[in-house]
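K.L.:
Supplied in structure tokens, the structure appears directly below.
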Amino acid sequence: MTDLIELYSLPSDSLGHLTSSVQLGFIAGTLFYAILTIADRFSPSRVFFISALGGSVMNILILPGFNTFFSVLVFRFLTGFFLAGIYPVGMKIASDYFTRGLGKALGFLVGALVLGTAFPHFLKSMSFGFHWSYVIIATSVLAVIGGLLIMVGVGDGPHHKRGQEVDLTAFFRVFNDREFRSPAFGYFGHMWELYAFWAFVPIMLSAYSDTHQLLLNIPLLSFLIIGIGFFSCVVGGYLSLIIGSRKTAFFSMLISGTCCLLSLVMMEFSTVLFLIFLLLWGITVISDSPQFSTLVAYHAPHDIKGTALTIVNCIGFSITIISIEMINFLSVQWGIEKAMVILVIGPIFGLLTLGYNNIKV
């Protein structure tokens, strides 16, 4: 971000706006994919590849020197747009392979998303003086490779059922079932917290470093705090086979919600406790995500399962814009440690709507 701000003379609060532009693009993309039921009418693995290719091109277009703040916002928006054909479509592919043990499968899938999210921080920490543009180039190349691996090496699942025509009622039909609504609303509460936490992990580390006059390797620590969620997603997937997806999601959200409240006093912690606290938050903020998606996929109408997952993602990512922009604004007014407390709204809502014993999955 510091390199982009210097190169293109961006506003100092660009982090929140550029992150939100990706989210907004994702929302527009999910609406497009959902209304046209693309993931159900066409080969999901091919949709995945084309979307990965489009996203990689938009991602790399922020590099040319002619860019302005507006053009960077546009390219980030379009990157988010194509991501709509990757994440929810990937879950659709997984659900077409696994009728049993989907919680474990999605634990690995969402865990991979976590590593992908954290990986640019790792690249930056290990860059050894390389130009920042190599991070952008590397992630774009990896996106194309990932798309090829899915299309050529994975393909469509044996339980894929292709829809025959555009279903304009799908957006509303999926919410008719209460057993679908409950985990979907729980997922919305989860999303209020997740991306705002990920976006502001480096800011929290930087604020703590400044307050205590420390020299922290912020990119590496950001990678570890976000990336540790891979292991919690995988462990949560196996745990769901024992106690069920609902209870796994419930306890994860309960702990992460507690971390939201503790963030109010995080600047008072010792360095070791502060880092342990952020690692615990990084573990529990994401471990419920694959289980929510499992519940949603399990209770979605079979003929529009891909569309249902896309719709829920669309609404969930819409919510992230509000929480990210609120933290972006309040961190200036209150300080980052006080601003992060408002994330507890998501876990409270999610726990209330998820319940504990309503759905037997």
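All residue names refer to the structure tokens as shown: chains lettered A, B, ... in order, residues numbered from 1 in each chain, ligands numbered from 1 in order.
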Just the residues within 10 Å of Phe251 in chain A, please, counting only C-alpha atoms, with nothing from its chain fewer than 2 positions along; format it as a count of residues only.
P.N.:
14
K.L.:
Where does range 191-265 of chain A meet range 118-123 of chain A within 9 Å, residue by residue, with the nearest atom pair and distance in Å to one decimal for each, counting only C-alpha atoms, listed by chain and rising number, as JSON lines?
P.N.:
```
{"residue": "A:Trp198", "atom": "CA", "partner": "A:Ala118", "partner_atom": "CA", "distance": 8.8}
{"residue": "A:Ile218", "atom": "CA", "partner": "A:His121", "partner_atom": "CA", "distance": 8.5}
{"residue": "A:Pro219", "atom": "CA", "partner": "A:His121", "partner_atom": "CA", "distance": 4.8}
{"residue": "A:Leu220", "atom": "CA", "partner": "A:Phe122", "partner_atom": "CA", "distance": 5.6}
{"residue": "A:Leu221", "atom": "CA", "partner": "A:His121", "partner_atom": "CA", "distance": 8.4}
{"residue": "A:Ser222", "atom": "CA", "partner": "A:His121", "partner_atom": "CA", "distance": 6.3}
{"residue": "A:Phe223", "atom": "CA", "partner": "A:Ala118", "partner_atom": "CA", "distance": 4.8}
{"residue": "A:Leu224", "atom": "CA", "partner": "A:Ala118", "partner_atom": "CA", "distance": 7.6}
{"residue": "A:Ile225", "atom": "CA", "partner": "A:Ala118", "partner_atom": "CA", "distance": 8.3}
{"residue": "A:Ile226", "atom": "CA", "partner": "A:Ala118", "partner_atom": "CA", "distance": 5.6}
{"residue": "A:Gly227", "atom": "CA", "partner": "A:Ala118", "partner_atom": "CA", "distance": 5.3}
```
K.L.:
May I have the residues within 9 Å of range 67-70 of chain A as a PyMOL selection string, using only C-alpha atoms and disregarding those fewer than 6 positions away in the same chain?
P.N.:
chain A and resi 5+8-11+14+61
K.L.:
Just to be explicit: take each residue in the selection above, keep C-alpha atoms, and write the result as a compact mmCIF listing (two decimals), in the first residue's frame.
P.N.:
```txt
# COMPACT_ATOMS: atom_id res chain seq x y z
CA ILE A 5 0.27 5.49 -2.42
CA TYR A 8 0.02 7.04 -7.82
CA SER A 9 -0.34 9.78 -5.18
CA LEU A 10 -3.26 7.99 -3.57
CA PRO A 11 -5.13 9.30 -0.50
CA SER A 14 -6.71 4.19 0.41
CA LEU A 61 -3.30 -3.90 -14.85
```
K.L.:
Neighbouring residues of Met191 in chain A were defined as those with any atom within 10 Å, considering only C-alpha atoms; residues of the same chain fewer than 2 positions away were excluded. Please report them as an MDAnalysis selection string.
P.N.:
chainID A and resid 185:189 193:197 285:286 289 313 315:321 323 343 346:347 350
K.L.:
Hey, which of A:Asn328, A:Thr271, A:Thr211, A:Ser95 ends up closest to Leu18 in chain A? Count only C-alpha atoms.
P.N.:
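Distance minimum relative to Leu18 in chain A lands on A:Asn328.
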K.L.:
Would you list the contacts of range 295-299 of chain A as number ranges by chain, taking every protein, DNA or RNA residue within 12 Å and counting only C-alpha atoms, but skipping same-chain residues closer than 3 positions in sequence?
P.N.:
A: 88-89, 91-96, 98-103, 106, 174-188, 240, 244-249, 288-292, 302-313, 354, 358-361
K.L.:
So that I can check the surroundings of range 44-47 of chain A, please list as a list in words every protein, DNA and RNA residue that reaches within 8 Å of it, counting only C-alpha atoms and ignoring chain neighbours fewer than 2 positions away.
P.N.:
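Listing them by chain and then by number gives Ile38, Ala39, Asp40, Phe42, Phe49, Ile50, Ser51, Gly85, Ile86, Val89, Gly90, Lys92, Ile93, Ile150, Met151, Val154, Gly155 and Asp156 of chain A.
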K.L.:
Would you export the selected residues with N, CA and C atoms as an mmCIF file, in the first residue's frame, please?
P.N.:
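What follows is the written file result18.cif:
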```cif
data_model
loop_
_atom_site.group_PDB
_atom_site.id
_atom_site.type_symbol
_atom_site.label_atom_id
_atom_site.label_comp_id
_atom_site.auth_asym_id
_atom_site.auth_seq_id
_atom_site.Cartn_x
_atom_site.Cartn_y
_atom_site.Cartn_z
ATOM 1 N N ILE A 38 -25.018 -18.969 -13.873
ATOM 2 C CA ILE A 38 -23.896 -19.414 -14.706
ATOM 3 C C ILE A 38 -23.263 -20.696 -14.168
ATOM 4 N N ALA A 39 -23.069 -20.784 -12.843
ATOM 5 C CA ALA A 39 -22.400 -21.945 -12.274
ATOM 6 C C ALA A 39 -23.219 -23.218 -12.404
ATOM 7 N N ASP A 40 -24.539 -23.077 -12.630
ATOM 8 C CA ASP A 40 -25.401 -24.251 -12.773
ATOM 9 C C ASP A 40 -25.684 -24.591 -14.227
ATOM 10 N N PHE A 42 -23.473 -23.904 -16.874
ATOM 11 C CA PHE A 42 -22.255 -24.188 -17.629
ATOM 12 C C PHE A 42 -21.311 -25.039 -16.781
ATOM 13 N N PHE A 49 -11.902 -21.435 -14.507
ATOM 14 C CA PHE A 49 -10.687 -21.078 -15.251
ATOM 15 C C PHE A 49 -10.810 -19.705 -15.910
ATOM 16 N N ILE A 50 -11.923 -19.465 -16.606
ATOM 17 C CA ILE A 50 -12.114 -18.189 -17.289
ATOM 18 C C ILE A 50 -12.097 -17.039 -16.285
ATOM 19 N N SER A 51 -12.715 -17.258 -15.134
ATOM 20 C CA SER A 51 -12.749 -16.224 -14.104
ATOM 21 C C SER A 51 -11.361 -15.976 -13.526
ATOM 22 N N GLY A 85 -16.405 -15.802 -9.820
ATOM 23 C CA GLY A 85 -16.422 -17.074 -10.530
ATOM 24 C C GLY A 85 -15.399 -18.057 -10.011
ATOM 25 N N ILE A 86 -14.769 -17.724 -8.890
ATOM 26 C CA ILE A 86 -13.735 -18.593 -8.329
ATOM 27 C C ILE A 86 -14.165 -19.174 -6.982
ATOM 28 N N VAL A 89 -17.865 -20.719 -6.957
ATOM 29 C CA VAL A 89 -17.861 -21.796 -7.953
ATOM 30 C C VAL A 89 -16.976 -22.945 -7.473
ATOM 31 N N GLY A 90 -15.884 -22.617 -6.780
ATOM 32 C CA GLY A 90 -15.049 -23.658 -6.193
ATOM 33 C C GLY A 90 -15.812 -24.481 -5.175
ATOM 34 N N LYS A 92 -19.033 -24.911 -5.206
ATOM 35 C CA LYS A 92 -19.973 -25.683 -6.011
ATOM 36 C C LYS A 92 -19.307 -26.957 -6.536
ATOM 37 N N ILE A 93 -18.076 -26.842 -7.042
ATOM 38 C CA ILE A 93 -17.347 -28.000 -7.546
ATOM 39 C C ILE A 93 -17.130 -29.015 -6.425
ATOM 40 N N ILE A 150 -7.631 -26.528 -11.963
ATOM 41 C CA ILE A 150 -9.036 -26.908 -11.753
ATOM 42 C C ILE A 150 -9.656 -27.440 -13.039
ATOM 43 N N MET A 151 -9.451 -26.730 -14.146
ATOM 44 C CA MET A 151 -10.098 -27.134 -15.392
ATOM 45 C C MET A 151 -9.539 -28.449 -15.927
ATOM 46 N N VAL A 154 -9.027 -31.261 -12.267
ATOM 47 C CA VAL A 154 -10.155 -31.579 -11.378
ATOM 48 C C VAL A 154 -11.435 -31.808 -12.175
ATOM 49 N N GLY A 155 -11.832 -30.816 -12.938
ATOM 50 C CA GLY A 155 -13.050 -30.957 -13.731
ATOM 51 C C GLY A 155 -14.310 -30.880 -12.899
ATOM 52 N N ASP A 156 -15.436 -31.220 -13.509
ATOM 53 C CA ASP A 156 -16.731 -31.160 -12.832
ATOM 54 C C ASP A 156 -16.979 -32.441 -12.047
#
```
K.L.:
Which value, in Å to one decimal, gives the distance between CA of Ile145 in chain A and CA of Ala52 in chain A?
P.N.:
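Value for the CA of Ile145 in chain A-CA of Ala52 in chain A distance: 8.7 Å.
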K.L.:
According to DSSP computed on the backbone, where in range 75-297 of chain A is there alpha helix (DSSP H)? Give the residues as an MDAnalysis selection string.
P.N.:
chainID A and resid 75:83 87:97 102:125 133:148 170:173 178:212 218:227 229:243 245:262 271:284 289:297
K.L.:
Please provide as a list in words all residues within 8 Å of Lys338 in chain A, with the sequence filter that same-chain residues fewer than 5 positions apart are discarded (counting only C-alpha atoms).
P.N.:
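Near neighbours after the sequence-gap exclusion: Ser263, Leu264 and Ser331 of chain A.
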K.L.:
Using only C-alpha atoms, which of A:Val332, A:Gly153, A:Asp210, A:Ile342 sits nearest Asp13 in chain A?
P.N.:
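Going through A:Val332, A:Gly153, A:Asp210, A:Ile342 one by one, the smallest distance to Asp13 in chain A is for A:Val332.
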K.L.:
Report the distance between CA of Cys233 in chain A and CA of Leu113 in chain A in Å, rounded to one decimal place.
P.N.:
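It comes out at 10.1 Å.
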K.L.:
What does the structure give for the distance between CA of Phe108 in chain A and CA of Ile327 in chain A, in Å to one decimal?
P.N.:
29.5 Å
K.L.:
Choose the residue, out of A:Val135, A:Gly16, A:Cys314, A:Asn59, that has the smallest atom-to-atom separation from Gly29 in chain A; count only C-alpha atoms.
P.N.:
A:Cys314
